[in-house]
Amino acid sequence: MLLVAEPILGPEEKAALTDVIDSGWITMGERVQLFERAFADIHRTEDSVAVSSCTAGLHLIMLALGLGEGDEVLVPGLTFVATANCVLYVGATPVFVDIESDHVPLMSLEDAEAKCTSRTKAVVLVHYAGYLPDREKWREFAERRGLMLIEDAAHATGLPEAGTYGVAAAFSFYGNKNMTTAEGGAVVTGDDALRARIRQLRGHGLTSGTFQRVSNPTLTYDVTMLGYNYRMDELRAALGLVQLRHLDVWNARRKGLTALYRKMLGEYAPDVVVPFDDERSSAYHIMPVVLPDKTNRQDVILGLRQDGIQTTIHYPPVHHLAIYKERYPSVRLPKTEDYTRRELTLPLHPRLEEAHVERIVQSLADSVRR
Ligand SMILES: *Cc1c(COP(=O)(O)O)cnc(C)c1O
């Protein structure tokens, strides 16, 4: 079976994990610090905050920015549910925004403008499939409207521009992302005070960590804010340090495979829309395609499956999920709804071979023709 995503783990990761076990220090030690600095390097900042997941990172960003009851936060309807959940965690209200088009399935600036009210405090950009939105336009919008710009950069790990749009960005190292620590995430921000606050919130709101108290035995701690346990451990940081070294090569491989997909789909399945045909930076996280209007997606999924090809859907729109439909029954996002009805995600990961791409495109073309 050709899988949609596959983590790359080998002898280097095994050795890194063994080193941690042999060291006897298994959480929040030197490796977490090294990983935080190495990850920050990509985004040309001094430091980052390693966390237990991207979701934890987004939650901490929203807490640290003081978002809460009565505040509205613009989020795309086309995203993973975690983006909107974090808004609810802090007691704020997610306001769903439509996509630009099936060619550019990123948050529509025009619709974002239309959804702004006097209560709108922040906007969360999602770099869907790894593709970056227009930085200058969104910065101008946020500044003009007085909004905090947050990035859910779960799909854009490895892109230096990701993490430079607004106040802070959260990245994911979940098993199906561009690099993995099994579970894990990181927060990047250029604001030192905000970073310090997020770091404190990550560890129960304590004013010092265990690691600091070992090197300074007279150090005690106080708790000055209501924090959480969103820490990363040494095993995950060790995995992350190994994975980081390969990330550029892996992302370049993803780029090459995406180019081949585009070329072959144009040739053999011209009715299928391949989003992001314009020039823009990407981490090429997933390979979404949009099937022709009349095509039965379920039949295509089964057709590909019979040929040993896994596909998935990114995403069921968040406003259609039961808990959101119950809370916000009147939300309509026509372009997102049309896109998510026809979207199909094809396999894309660095271990995929050119011959696999050819096989997948042929199988898709056959299924669509039937
Ligand atoms: C994967 C993902 C998340 C959640 O990441 P975790 O690290 O699993 O918490 C959030 N947003 C988007 C867009 C994602 O793809």
# chains A, B, ... in the order shown; residues from 1 in each chain; ligands from 1
>>> closest_atom_pairs(of="chain A", to="ligand 1", cutoff="9 Å", atoms="only C-alpha atoms and all ligand atoms", output="JSON lines")
{"residue": "A:Val51", "atom": "CA", "partner": "ligand 1", "partner_atom_place_in_ligand_line": "7 (O)", "distance": 9.0}
{"residue": "A:Ser52", "atom": "CA", "partner": "ligand 1", "partner_atom_place_in_ligand_line": "7 (O)", "distance": 7.4}
{"residue": "A:Ser53", "atom": "CA", "partner": "ligand 1", "partner_atom_place_in_ligand_line": "7 (O)", "distance": 3.8}
{"residue": "A:Cys54", "atom": "CA", "partner": "ligand 1", "partner_atom_place_in_ligand_line": "7 (O)", "distance": 3.7}
{"residue": "A:Thr55", "atom": "CA", "partner": "ligand 1", "partner_atom_place_in_ligand_line": "9 (O)", "distance": 3.7}
{"residue": "A:Ala56", "atom": "CA", "partner": "ligand 1", "partner_atom_place_in_ligand_line": "9 (O)", "distance": 6.4}
{"residue": "A:Gly57", "atom": "CA", "partner": "ligand 1", "partner_atom_place_in_ligand_line": "9 (O)", "distance": 7.9}
{"residue": "A:Leu58", "atom": "CA", "partner": "ligand 1", "partner_atom_place_in_ligand_line": "10 (C)", "distance": 8.2}
{"residue": "A:Leu78", "atom": "CA", "partner": "ligand 1", "partner_atom_place_in_ligand_line": "13 (C)", "distance": 8.7}
{"residue": "A:Thr79", "atom": "CA", "partner": "ligand 1", "partner_atom_place_in_ligand_line": "13 (C)", "distance": 5.2}
{"residue": "A:Phe80", "atom": "CA", "partner": "ligand 1", "partner_atom_place_in_ligand_line": "13 (C)", "distance": 4.8}
{"residue": "A:Val81", "atom": "CA", "partner": "ligand 1", "partner_atom_place_in_ligand_line": "11 (N)", "distance": 7.1}
{"residue": "A:Ala82", "atom": "CA", "partner": "ligand 1", "partner_atom_place_in_ligand_line": "10 (C)", "distance": 5.1}
{"residue": "A:Thr83", "atom": "CA", "partner": "ligand 1", "partner_atom_place_in_ligand_line": "11 (N)", "distance": 5.4}
{"residue": "A:Ala84", "atom": "CA", "partner": "ligand 1", "partner_atom_place_in_ligand_line": "11 (N)", "distance": 9.0}
{"residue": "A:Val126", "atom": "CA", "partner": "ligand 1", "partner_atom_place_in_ligand_line": "13 (C)", "distance": 6.0}
{"residue": "A:His127", "atom": "CA", "partner": "ligand 1", "partner_atom_place_in_ligand_line": "13 (C)", "distance": 7.4}
{"residue": "A:Tyr128", "atom": "CA", "partner": "ligand 1", "partner_atom_place_in_ligand_line": "13 (C)", "distance": 6.7}
{"residue": "A:Ala129", "atom": "CA", "partner": "ligand 1", "partner_atom_place_in_ligand_line": "15 (O)", "distance": 8.3}
{"residue": "A:Asp152", "atom": "CA", "partner": "ligand 1", "partner_atom_place_in_ligand_line": "11 (N)", "distance": 5.8}
{"residue": "A:Ala153", "atom": "CA", "partner": "ligand 1", "partner_atom_place_in_ligand_line": "13 (C)", "distance": 6.9}
{"residue": "A:Ala154", "atom": "CA", "partner": "ligand 1", "partner_atom_place_in_ligand_line": "14 (C)", "distance": 4.8}
{"residue": "A:His155", "atom": "CA", "partner": "ligand 1", "partner_atom_place_in_ligand_line": "15 (O)", "distance": 5.8}
{"residue": "A:Ala170", "atom": "CA", "partner": "ligand 1", "partner_atom_place_in_ligand_line": "10 (C)", "distance": 8.4}
{"residue": "A:Phe171", "atom": "CA", "partner": "ligand 1", "partner_atom_place_in_ligand_line": "7 (O)", "distance": 7.1}
{"residue": "A:Ser172", "atom": "CA", "partner": "ligand 1", "partner_atom_place_in_ligand_line": "7 (O)", "distance": 4.1}
{"residue": "A:Phe173", "atom": "CA", "partner": "ligand 1", "partner_atom_place_in_ligand_line": "7 (O)", "distance": 5.6}
{"residue": "A:Tyr174", "atom": "CA", "partner": "ligand 1", "partner_atom_place_in_ligand_line": "7 (O)", "distance": 4.9}
{"residue": "A:Gly175", "atom": "CA", "partner": "ligand 1", "partner_atom_place_in_ligand_line": "8 (O)", "distance": 8.2}
{"residue": "A:Asn176", "atom": "CA", "partner": "ligand 1", "partner_atom_place_in_ligand_line": "1 (C)", "distance": 7.8}
{"residue": "A:Lys177", "atom": "CA", "partner": "ligand 1", "partner_atom_place_in_ligand_line": "1 (C)", "distance": 7.0}
{"residue": "A:Ala182", "atom": "CA", "partner": "ligand 1", "partner_atom_place_in_ligand_line": "7 (O)", "distance": 9.0}
{"residue": "A:Glu183", "atom": "CA", "partner": "ligand 1", "partner_atom_place_in_ligand_line": "7 (O)", "distance": 6.1}
{"residue": "A:Gly184", "atom": "CA", "partner": "ligand 1", "partner_atom_place_in_ligand_line": "7 (O)", "distance": 5.5}
{"residue": "A:Gly185", "atom": "CA", "partner": "ligand 1", "partner_atom_place_in_ligand_line": "7 (O)", "distance": 5.5}
{"residue": "A:Ala186", "atom": "CA", "partner": "ligand 1", "partner_atom_place_in_ligand_line": "7 (O)", "distance": 8.8}
{"residue": "A:His314", "atom": "CA", "partner": "ligand 1", "partner_atom_place_in_ligand_line": "15 (O)", "distance": 8.9}
>>> residues_around(residues="segment 283-293 of chain A", least_positions_apart="4", cutoff="9 Å", atoms="only C-alpha atoms", output="PDB file with N, CA and C atoms, in the first residue's frame")
ATOM      1  N   VAL A   4      -0.346   7.832   2.308  1.00  0.00           N
ATOM      2  CA  VAL A   4      -0.391   9.285   2.116  1.00  0.00           C
ATOM      3  C   VAL A   4       0.827   9.946   2.762  1.00  0.00           C
ATOM      4  N   ALA A   5       1.179   9.479   3.971  1.00  0.00           N
ATOM      5  CA  ALA A   5       2.330  10.035   4.688  1.00  0.00           C
ATOM      6  C   ALA A   5       3.060   8.910   5.404  1.00  0.00           C
ATOM      7  N   ASP A 102     -10.721  27.322  -5.387  1.00  0.00           N
ATOM      8  CA  ASP A 102     -10.170  25.960  -5.379  1.00  0.00           C
ATOM      9  C   ASP A 102      -8.720  25.948  -5.892  1.00  0.00           C
ATOM     10  N   HIS A 103      -8.313  27.004  -6.588  1.00  0.00           N
ATOM     11  CA  HIS A 103      -6.912  27.109  -7.012  1.00  0.00           C
ATOM     12  C   HIS A 103      -6.025  27.640  -5.892  1.00  0.00           C
ATOM     13  N   TYR A 128      -2.022  26.040   4.621  1.00  0.00           N
ATOM     14  CA  TYR A 128      -2.629  24.790   4.149  1.00  0.00           C
ATOM     15  C   TYR A 128      -1.754  24.095   3.095  1.00  0.00           C
ATOM     16  N   ALA A 129      -1.506  22.815   3.340  1.00  0.00           N
ATOM     17  CA  ALA A 129      -0.701  21.963   2.450  1.00  0.00           C
ATOM     18  C   ALA A 129       0.770  22.404   2.395  1.00  0.00           C
ATOM     19  N   GLY A 130       1.113  23.420   3.180  1.00  0.00           N
ATOM     20  CA  GLY A 130       2.497  23.903   3.225  1.00  0.00           C
ATOM     21  C   GLY A 130       2.704  25.208   2.485  1.00  0.00           C
ATOM     22  N   TYR A 131       1.642  25.707   1.814  1.00  0.00           N
ATOM     23  CA  TYR A 131       1.771  26.893   0.952  1.00  0.00           C
ATOM     24  C   TYR A 131       1.508  28.176   1.745  1.00  0.00           C
ATOM     25  N   LEU A 132       2.367  29.161   1.521  1.00  0.00           N
ATOM     26  CA  LEU A 132       2.286  30.388   2.308  1.00  0.00           C
ATOM     27  C   LEU A 132       1.371  31.423   1.670  1.00  0.00           C
ATOM     28  N   HIS A 155       1.831  22.851   8.869  1.00  0.00           N
ATOM     29  CA  HIS A 155       2.168  22.269   7.556  1.00  0.00           C
ATOM     30  C   HIS A 155       3.451  22.854   6.965  1.00  0.00           C
ATOM     31  N   ALA A 156       4.036  23.837   7.640  1.00  0.00           N
ATOM     32  CA  ALA A 156       5.103  24.605   6.983  1.00  0.00           C
ATOM     33  C   ALA A 156       6.464  24.470   7.662  1.00  0.00           C
ATOM     34  N   THR A 157       6.693  23.379   8.365  1.00  0.00           N
ATOM     35  CA  THR A 157       7.968  23.200   9.057  1.00  0.00           C
ATOM     36  C   THR A 157       9.125  23.164   8.057  1.00  0.00           C
ATOM     37  N   GLY A 158      10.140  23.986   8.336  1.00  0.00           N
ATOM     38  CA  GLY A 158      11.305  24.031   7.463  1.00  0.00           C
ATOM     39  C   GLY A 158      11.350  25.263   6.582  1.00  0.00           C
ATOM     40  N   LEU A 159      10.245  25.986   6.483  1.00  0.00           N
ATOM     41  CA  LEU A 159      10.225  27.200   5.663  1.00  0.00           C
ATOM     42  C   LEU A 159      10.625  28.396   6.521  1.00  0.00           C
ATOM     43  N   LYS A 177       3.746  14.673   9.887  1.00  0.00           N
ATOM     44  CA  LYS A 177       4.176  15.998   9.423  1.00  0.00           C
ATOM     45  C   LYS A 177       5.553  15.916   8.723  1.00  0.00           C
ATOM     46  N   ASN A 178       6.070  17.065   8.254  1.00  0.00           N
ATOM     47  CA  ASN A 178       7.313  17.040   7.454  1.00  0.00           C
ATOM     48  C   ASN A 178       8.517  16.525   8.223  1.00  0.00           C
ATOM     49  N   ASN A 251      12.360  18.170   2.375  1.00  0.00           N
ATOM     50  CA  ASN A 251      11.436  19.138   1.773  1.00  0.00           C
ATOM     51  C   ASN A 251      11.741  19.365   0.287  1.00  0.00           C
ATOM     52  N   ALA A 252      13.026  19.284  -0.067  1.00  0.00           N
ATOM     53  CA  ALA A 252      13.401  19.412  -1.484  1.00  0.00           C
ATOM     54  C   ALA A 252      12.847  18.217  -2.277  1.00  0.00           C
ATOM     55  N   ARG A 254      10.153  16.524  -1.480  1.00  0.00           N
ATOM     56  CA  ARG A 254       8.708  16.764  -1.585  1.00  0.00           C
ATOM     57  C   ARG A 254       8.408  17.718  -2.749  1.00  0.00           C
ATOM     58  N   LYS A 255       9.258  18.727  -2.888  1.00  0.00           N
ATOM     59  CA  LYS A 255       9.081  19.711  -3.959  1.00  0.00           C
ATOM     60  C   LYS A 255       9.206  19.047  -5.336  1.00  0.00           C
ATOM     61  N   THR A 258       6.216  16.880  -6.059  1.00  0.00           N
ATOM     62  CA  THR A 258       5.040  17.709  -6.352  1.00  0.00           C
ATOM     63  C   THR A 258       5.093  18.209  -7.795  1.00  0.00           C
ATOM     64  N   TYR A 261       4.107  15.367 -10.005  1.00  0.00           N
ATOM     65  CA  TYR A 261       2.650  15.198  -9.931  1.00  0.00           C
ATOM     66  C   TYR A 261       1.940  16.208 -10.838  1.00  0.00           C
ATOM     67  N   ASP A 271      -8.769  17.255 -16.219  1.00  0.00           N
ATOM     68  CA  ASP A 271      -9.991  17.752 -15.563  1.00  0.00           C
ATOM     69  C   ASP A 271      -9.814  17.940 -14.061  1.00  0.00           C
ATOM     70  N   VAL A 272      -8.748  17.349 -13.532  1.00  0.00           N
ATOM     71  CA  VAL A 272      -8.507  17.449 -12.096  1.00  0.00           C
ATOM     72  C   VAL A 272      -7.763  18.748 -11.809  1.00  0.00           C
ATOM     73  N   VAL A 273      -8.302  19.527 -10.866  1.00  0.00           N
ATOM     74  CA  VAL A 273      -7.644  20.786 -10.493  1.00  0.00           C
ATOM     75  C   VAL A 273      -6.520  20.479  -9.505  1.00  0.00           C
ATOM     76  N   VAL A 274      -5.344  21.004  -9.783  1.00  0.00           N
ATOM     77  CA  VAL A 274      -4.236  20.891  -8.837  1.00  0.00           C
ATOM     78  C   VAL A 274      -4.021  22.280  -8.225  1.00  0.00           C
ATOM     79  N   PRO A 275      -4.438  22.468  -6.956  1.00  0.00           N
ATOM     80  CA  PRO A 275      -4.338  23.797  -6.356  1.00  0.00           C
ATOM     81  C   PRO A 275      -2.908  24.323  -6.327  1.00  0.00           C
ATOM     82  N   ARG A 297     -16.540  10.989  -5.578  1.00  0.00           N
ATOM     83  CA  ARG A 297     -15.265  10.859  -4.860  1.00  0.00           C
ATOM     84  C   ARG A 297     -15.113   9.483  -4.219  1.00  0.00           C
ATOM     85  N   ILE A 313      -8.654  12.867   3.102  1.00  0.00           N
ATOM     86  CA  ILE A 313      -9.349  14.121   2.788  1.00  0.00           C
ATOM     87  C   ILE A 313      -8.876  15.207   3.762  1.00  0.00           C
ATOM     88  N   HIS A 314      -8.450  16.329   3.215  1.00  0.00           N
ATOM     89  CA  HIS A 314      -8.013  17.478   4.033  1.00  0.00           C
ATOM     90  C   HIS A 314      -8.862  18.687   3.710  1.00  0.00           C
ATOM     91  N   ASP A 338     -17.625  23.517  -1.206  1.00  0.00           N
ATOM     92  CA  ASP A 338     -17.443  22.912  -2.529  1.00  0.00           C
ATOM     93  C   ASP A 338     -16.071  22.231  -2.611  1.00  0.00           C
ATOM     94  N   TYR A 339     -15.049  22.925  -2.109  1.00  0.00           N
ATOM     95  CA  TYR A 339     -13.680  22.383  -2.147  1.00  0.00           C
ATOM     96  C   TYR A 339     -13.592  21.066  -1.374  1.00  0.00           C
ATOM     97  N   THR A 340     -14.129  21.062  -0.152  1.00  0.00           N
ATOM     98  CA  THR A 340     -13.972  19.879   0.713  1.00  0.00           C
ATOM     99  C   THR A 340     -14.850  18.705   0.259  1.00  0.00           C
ATOM    100  N   ARG A 341     -15.832  18.984  -0.568  1.00  0.00           N
ATOM    101  CA  ARG A 341     -16.660  17.921  -1.146  1.00  0.00           C
ATOM    102  C   ARG A 341     -15.898  17.189  -2.262  1.00  0.00           C
ATOM    103  N   ARG A 342     -14.993  17.921  -2.934  1.00  0.00           N
ATOM    104  CA  ARG A 342     -14.301  17.370  -4.107  1.00  0.00           C
ATOM    105  C   ARG A 342     -12.826  17.058  -3.875  1.00  0.00           C
ATOM    106  N   GLU A 343     -12.276  17.485  -2.731  1.00  0.00           N
ATOM    107  CA  GLU A 343     -10.827  17.345  -2.496  1.00  0.00           C
ATOM    108  C   GLU A 343     -10.430  15.894  -2.219  1.00  0.00           C
ATOM    109  N   LEU A 344      -9.229  15.547  -2.660  1.00  0.00           N
ATOM    110  CA  LEU A 344      -8.645  14.241  -2.374  1.00  0.00           C
ATOM    111  C   LEU A 344      -7.137  14.449  -2.184  1.00  0.00           C
ATOM    112  N   THR A 345      -6.582  13.841  -1.131  1.00  0.00           N
ATOM    113  CA  THR A 345      -5.143  14.005  -0.873  1.00  0.00           C
ATOM    114  C   THR A 345      -4.399  12.757  -1.308  1.00  0.00           C
ATOM    115  N   LEU A 346      -3.434  12.945  -2.203  1.00  0.00           N
ATOM    116  CA  LEU A 346      -2.649  11.825  -2.743  1.00  0.00           C
ATOM    117  C   LEU A 346      -1.385  11.635  -1.902  1.00  0.00           C
ATOM    118  N   PRO A 347      -0.768  10.449  -1.959  1.00  0.00           N
ATOM    119  CA  PRO A 347       0.461  10.213  -1.189  1.00  0.00           C
ATOM    120  C   PRO A 347       1.560  11.219  -1.538  1.00  0.00           C
ATOM    121  N   LEU A 348       2.221  11.725  -0.510  1.00  0.00           N
ATOM    122  CA  LEU A 348       3.393  12.594  -0.709  1.00  0.00           C
ATOM    123  C   LEU A 348       4.289  12.512   0.522  1.00  0.00           C
ATOM    124  N   HIS A 349       5.459  11.941   0.338  1.00  0.00           N
ATOM    125  CA  HIS A 349       6.473  11.903   1.396  1.00  0.00           C
ATOM    126  C   HIS A 349       7.807  11.561   0.737  1.00  0.00           C
ATOM    127  N   VAL A 368     -11.128   8.501 -12.569  1.00  0.00           N
ATOM    128  CA  VAL A 368     -11.902   9.685 -12.918  1.00  0.00           C
ATOM    129  C   VAL A 368     -12.623   9.456 -14.258  1.00  0.00           C
TER     130      VAL A 368
END
>>> residues_around(residues="Pro133 of chain A", least_positions_apart="3", cutoff="10 Å", atoms="only C-alpha atoms", output="list in words")
Val104, Pro105, Leu106, Met107, Ser108, Leu109, Leu125, Val126, His127, Tyr128, Gly130, Glu136, Lys137, Trp138, Ala162, Tyr165, Arg280, Ser281 and Ser282 of chain A
>>> closest_residue(among="A:Arg351, A:Arg44, A:Arg145, A:His59", to="Arg202 of chain A", atoms="only C-alpha atoms")
A:His59
>>> closest_residue(among="A:Met148, A:Leu88, A:Ala269, A:Leu235", to="Ile323 of chain A", atoms="only C-alpha atoms")
A:Leu88
>>> residues_around(residues="Met264 of chain A", least_positions_apart="6", cutoff="12 Å", atoms="only C-alpha atoms", output="PyMOL selection string")
chain A and resi 257-258+270+272+274+354-365
>>> write_last_selection(atoms="N, CA and C atoms", output="PDB file, in the first residue's frame")
ATOM      1  N   LEU A 257       8.800  15.860  -6.117  1.00  0.00           N
ATOM      2  CA  LEU A 257       7.673  14.946  -6.349  1.00  0.00           C
ATOM      3  C   LEU A 257       6.407  15.724  -6.709  1.00  0.00           C
ATOM      4  N   THR A 258       6.216  16.880  -6.059  1.00  0.00           N
ATOM      5  CA  THR A 258       5.040  17.709  -6.352  1.00  0.00           C
ATOM      6  C   THR A 258       5.093  18.209  -7.795  1.00  0.00           C
ATOM      7  N   PRO A 270      -6.376  16.067 -17.032  1.00  0.00           N
ATOM      8  CA  PRO A 270      -6.491  17.532 -17.152  1.00  0.00           C
ATOM      9  C   PRO A 270      -7.748  18.106 -16.485  1.00  0.00           C
ATOM     10  N   VAL A 272      -8.748  17.349 -13.532  1.00  0.00           N
ATOM     11  CA  VAL A 272      -8.507  17.449 -12.096  1.00  0.00           C
ATOM     12  C   VAL A 272      -7.763  18.748 -11.809  1.00  0.00           C
ATOM     13  N   VAL A 274      -5.344  21.004  -9.783  1.00  0.00           N
ATOM     14  CA  VAL A 274      -4.236  20.891  -8.837  1.00  0.00           C
ATOM     15  C   VAL A 274      -4.021  22.280  -8.225  1.00  0.00           C
ATOM     16  N   GLU A 354       9.521   8.210  -8.037  1.00  0.00           N
ATOM     17  CA  GLU A 354       8.930   8.755  -9.268  1.00  0.00           C
ATOM     18  C   GLU A 354       7.952   7.752  -9.893  1.00  0.00           C
ATOM     19  N   ALA A 355       8.346   6.476  -9.896  1.00  0.00           N
ATOM     20  CA  ALA A 355       7.491   5.443 -10.495  1.00  0.00           C
ATOM     21  C   ALA A 355       6.163   5.331  -9.740  1.00  0.00           C
ATOM     22  N   HIS A 356       6.206   5.584  -8.412  1.00  0.00           N
ATOM     23  CA  HIS A 356       4.967   5.561  -7.624  1.00  0.00           C
ATOM     24  C   HIS A 356       4.038   6.683  -8.066  1.00  0.00           C
ATOM     25  N   VAL A 357       4.617   7.868  -8.276  1.00  0.00           N
ATOM     26  CA  VAL A 357       3.802   9.009  -8.699  1.00  0.00           C
ATOM     27  C   VAL A 357       3.121   8.679 -10.028  1.00  0.00           C
ATOM     28  N   GLU A 358       3.877   8.065 -10.933  1.00  0.00           N
ATOM     29  CA  GLU A 358       3.303   7.703 -12.233  1.00  0.00           C
ATOM     30  C   GLU A 358       2.143   6.724 -12.051  1.00  0.00           C
ATOM     31  N   ARG A 359       2.361   5.747 -11.177  1.00  0.00           N
ATOM     32  CA  ARG A 359       1.320   4.746 -10.908  1.00  0.00           C
ATOM     33  C   ARG A 359       0.070   5.398 -10.314  1.00  0.00           C
ATOM     34  N   ILE A 360       0.278   6.316  -9.391  1.00  0.00           N
ATOM     35  CA  ILE A 360      -0.851   6.981  -8.722  1.00  0.00           C
ATOM     36  C   ILE A 360      -1.639   7.829  -9.729  1.00  0.00           C
ATOM     37  N   VAL A 361      -0.910   8.573 -10.563  1.00  0.00           N
ATOM     38  CA  VAL A 361      -1.593   9.441 -11.533  1.00  0.00           C
ATOM     39  C   VAL A 361      -2.376   8.596 -12.545  1.00  0.00           C
ATOM     40  N   GLN A 362      -1.779   7.492 -13.003  1.00  0.00           N
ATOM     41  CA  GLN A 362      -2.487   6.612 -13.950  1.00  0.00           C
ATOM     42  C   GLN A 362      -3.757   6.060 -13.323  1.00  0.00           C
ATOM     43  N   SER A 363      -3.652   5.606 -12.094  1.00  0.00           N
ATOM     44  CA  SER A 363      -4.799   5.031 -11.398  1.00  0.00           C
ATOM     45  C   SER A 363      -5.889   6.089 -11.195  1.00  0.00           C
ATOM     46  N   LEU A 364      -5.471   7.301 -10.815  1.00  0.00           N
ATOM     47  CA  LEU A 364      -6.441   8.391 -10.617  1.00  0.00           C
ATOM     48  C   LEU A 364      -7.129   8.732 -11.946  1.00  0.00           C
ATOM     49  N   ALA A 365      -6.322   8.828 -13.004  1.00  0.00           N
ATOM     50  CA  ALA A 365      -6.885   9.161 -14.322  1.00  0.00           C
ATOM     51  C   ALA A 365      -7.911   8.110 -14.751  1.00  0.00           C
TER      52      ALA A 365
END
>>> closest_atom_pairs(of="segment 210-301 of chain A", to="segment 26-29 of chain A", cutoff="8 Å", atoms="only C-alpha atoms", output="tab-separated table")
residue	atom	partner	partner_atom	distance
A:Thr210	CA	A:Met28	CA	7.9
A:Phe211	CA	A:Gly29	CA	5.9
A:Arg231	CA	A:Met28	CA	7.2
A:Met232	CA	A:Met28	CA	6.4
A:Asp233	CA	A:Thr27	CA	4.0
A:Glu234	CA	A:Thr27	CA	4.6
A:Leu235	CA	A:Ile26	CA	6.5
>>> write_last_selection(atoms="all heavy atoms", output="compact mmCIF listing (two decimals), in the first residue's frame")
# COMPACT_ATOMS: atom_id res chain seq x y z
N THR A 210 12.99 22.48 36.54
CA THR A 210 13.81 21.50 37.27
C THR A 210 15.27 21.58 36.86
O THR A 210 16.18 21.54 37.70
CB THR A 210 13.29 20.06 36.98
OG1 THR A 210 11.88 20.06 37.10
CG2 THR A 210 13.88 19.05 37.94
N PHE A 211 15.50 21.71 35.55
CA PHE A 211 16.86 21.74 35.00
C PHE A 211 17.65 22.91 35.59
O PHE A 211 18.80 22.77 36.00
CB PHE A 211 16.77 21.85 33.47
CG PHE A 211 18.06 21.57 32.77
CD1 PHE A 211 18.73 20.36 32.96
CD2 PHE A 211 18.59 22.50 31.88
CE1 PHE A 211 19.91 20.10 32.29
CE2 PHE A 211 19.78 22.24 31.20
CZ PHE A 211 20.44 21.03 31.41
N ARG A 231 5.08 20.28 28.37
CA ARG A 231 6.52 20.16 28.14
C ARG A 231 6.88 19.13 27.06
O ARG A 231 6.11 18.22 26.79
CB ARG A 231 7.21 19.77 29.44
CG ARG A 231 7.14 20.84 30.52
CD ARG A 231 7.81 20.37 31.78
NE ARG A 231 7.24 19.13 32.26
CZ ARG A 231 6.74 18.95 33.48
NH1 ARG A 231 6.76 19.93 34.35
NH2 ARG A 231 6.25 17.79 33.84
N MET A 232 8.08 19.29 26.52
CA MET A 232 8.66 18.26 25.64
C MET A 232 9.70 17.50 26.45
O MET A 232 10.30 18.07 27.36
CB MET A 232 9.32 18.90 24.42
CG MET A 232 9.94 17.88 23.47
SD MET A 232 10.74 18.60 22.02
CE MET A 232 9.37 18.62 20.86
N ASP A 233 9.90 16.21 26.14
CA ASP A 233 10.90 15.44 26.87
C ASP A 233 12.17 15.28 26.05
O ASP A 233 12.22 15.62 24.86
CB ASP A 233 10.32 14.09 27.30
CG ASP A 233 9.85 13.28 26.12
OD1 ASP A 233 10.71 12.85 25.33
OD2 ASP A 233 8.62 13.08 25.97
N GLU A 234 13.21 14.76 26.69
CA GLU A 234 14.53 14.62 26.06
C GLU A 234 14.52 13.62 24.90
O GLU A 234 15.24 13.79 23.92
CB GLU A 234 15.56 14.19 27.10
CG GLU A 234 15.88 15.27 28.11
CD GLU A 234 16.77 16.36 27.53
OE1 GLU A 234 17.96 16.12 27.31
OE2 GLU A 234 16.25 17.47 27.29
N LEU A 235 13.69 12.58 25.02
CA LEU A 235 13.61 11.58 23.94
C LEU A 235 13.10 12.23 22.66
O LEU A 235 13.65 12.03 21.58
CB LEU A 235 12.70 10.43 24.37
CG LEU A 235 13.22 9.63 25.56
CD1 LEU A 235 12.09 9.04 26.38
CD2 LEU A 235 14.16 8.52 25.09
>>> residues_around(residues="segment 17-23 of chain A", least_positions_apart="5", cutoff="12 Å", atoms="only C-alpha atoms", output="PyMOL selection string")
chain A and resi 9-12+28-32+181+233-242
>>> residues_around(residues="Ile8 of chain A", least_positions_apart="5", cutoff="9 Å", atoms="only C-alpha atoms", output="CSV table (one decimal) with all heavy atoms, in the first residue's frame")
chain,number,residue,atom,x,y,z
A,179,MET,N,8.5,16.7,9.5
A,179,MET,CA,9.5,16.0,10.4
A,179,MET,C,8.7,15.7,11.7
A,179,MET,O,7.7,16.3,12.0
A,179,MET,CB,10.7,16.9,10.8
A,179,MET,CG,10.3,18.2,11.5
A,179,MET,SD,11.8,19.0,12.3
A,179,MET,CE,11.7,18.1,13.9
A,180,THR,N,9.2,14.7,12.4
A,180,THR,CA,8.5,14.2,13.5
A,180,THR,C,9.3,13.9,14.8
A,180,THR,O,10.5,13.6,14.7
A,180,THR,CB,7.7,12.9,13.2
A,180,THR,OG1,6.8,12.6,14.3
A,180,THR,CG2,8.6,11.7,12.9
A,243,GLN,N,16.1,14.6,13.1
A,243,GLN,CA,15.2,14.9,12.0
A,243,GLN,C,15.5,16.3,11.4
A,243,GLN,O,15.4,16.4,10.2
A,243,GLN,CB,13.7,14.9,12.5
A,243,GLN,CG,13.3,13.5,13.0
A,243,GLN,CD,12.5,12.8,12.0
A,243,GLN,OE1,11.5,13.2,11.5
A,243,GLN,NE2,12.9,11.5,11.7
A,350,PRO,N,8.9,11.9,1.4
A,350,PRO,CA,10.2,11.7,0.8
A,350,PRO,C,10.6,10.3,0.3
A,350,PRO,O,11.5,10.2,-0.5
A,350,PRO,CB,11.2,12.2,1.9
A,350,PRO,CG,10.4,13.1,2.7
A,350,PRO,CD,9.0,12.5,2.8
A,351,ARG,N,9.9,9.3,0.8
A,351,ARG,CA,10.2,7.9,0.4
A,351,ARG,C,9.5,7.5,-0.8
A,351,ARG,O,9.8,6.4,-1.4
A,351,ARG,CB,9.9,7.0,1.6
A,351,ARG,CG,11.0,7.0,2.6
A,351,ARG,CD,11.0,5.7,3.4
A,351,ARG,NE,12.1,5.7,4.3
A,351,ARG,CZ,12.1,5.2,5.5
A,351,ARG,NH1,11.1,4.6,6.0
A,351,ARG,NH2,13.2,5.2,6.2
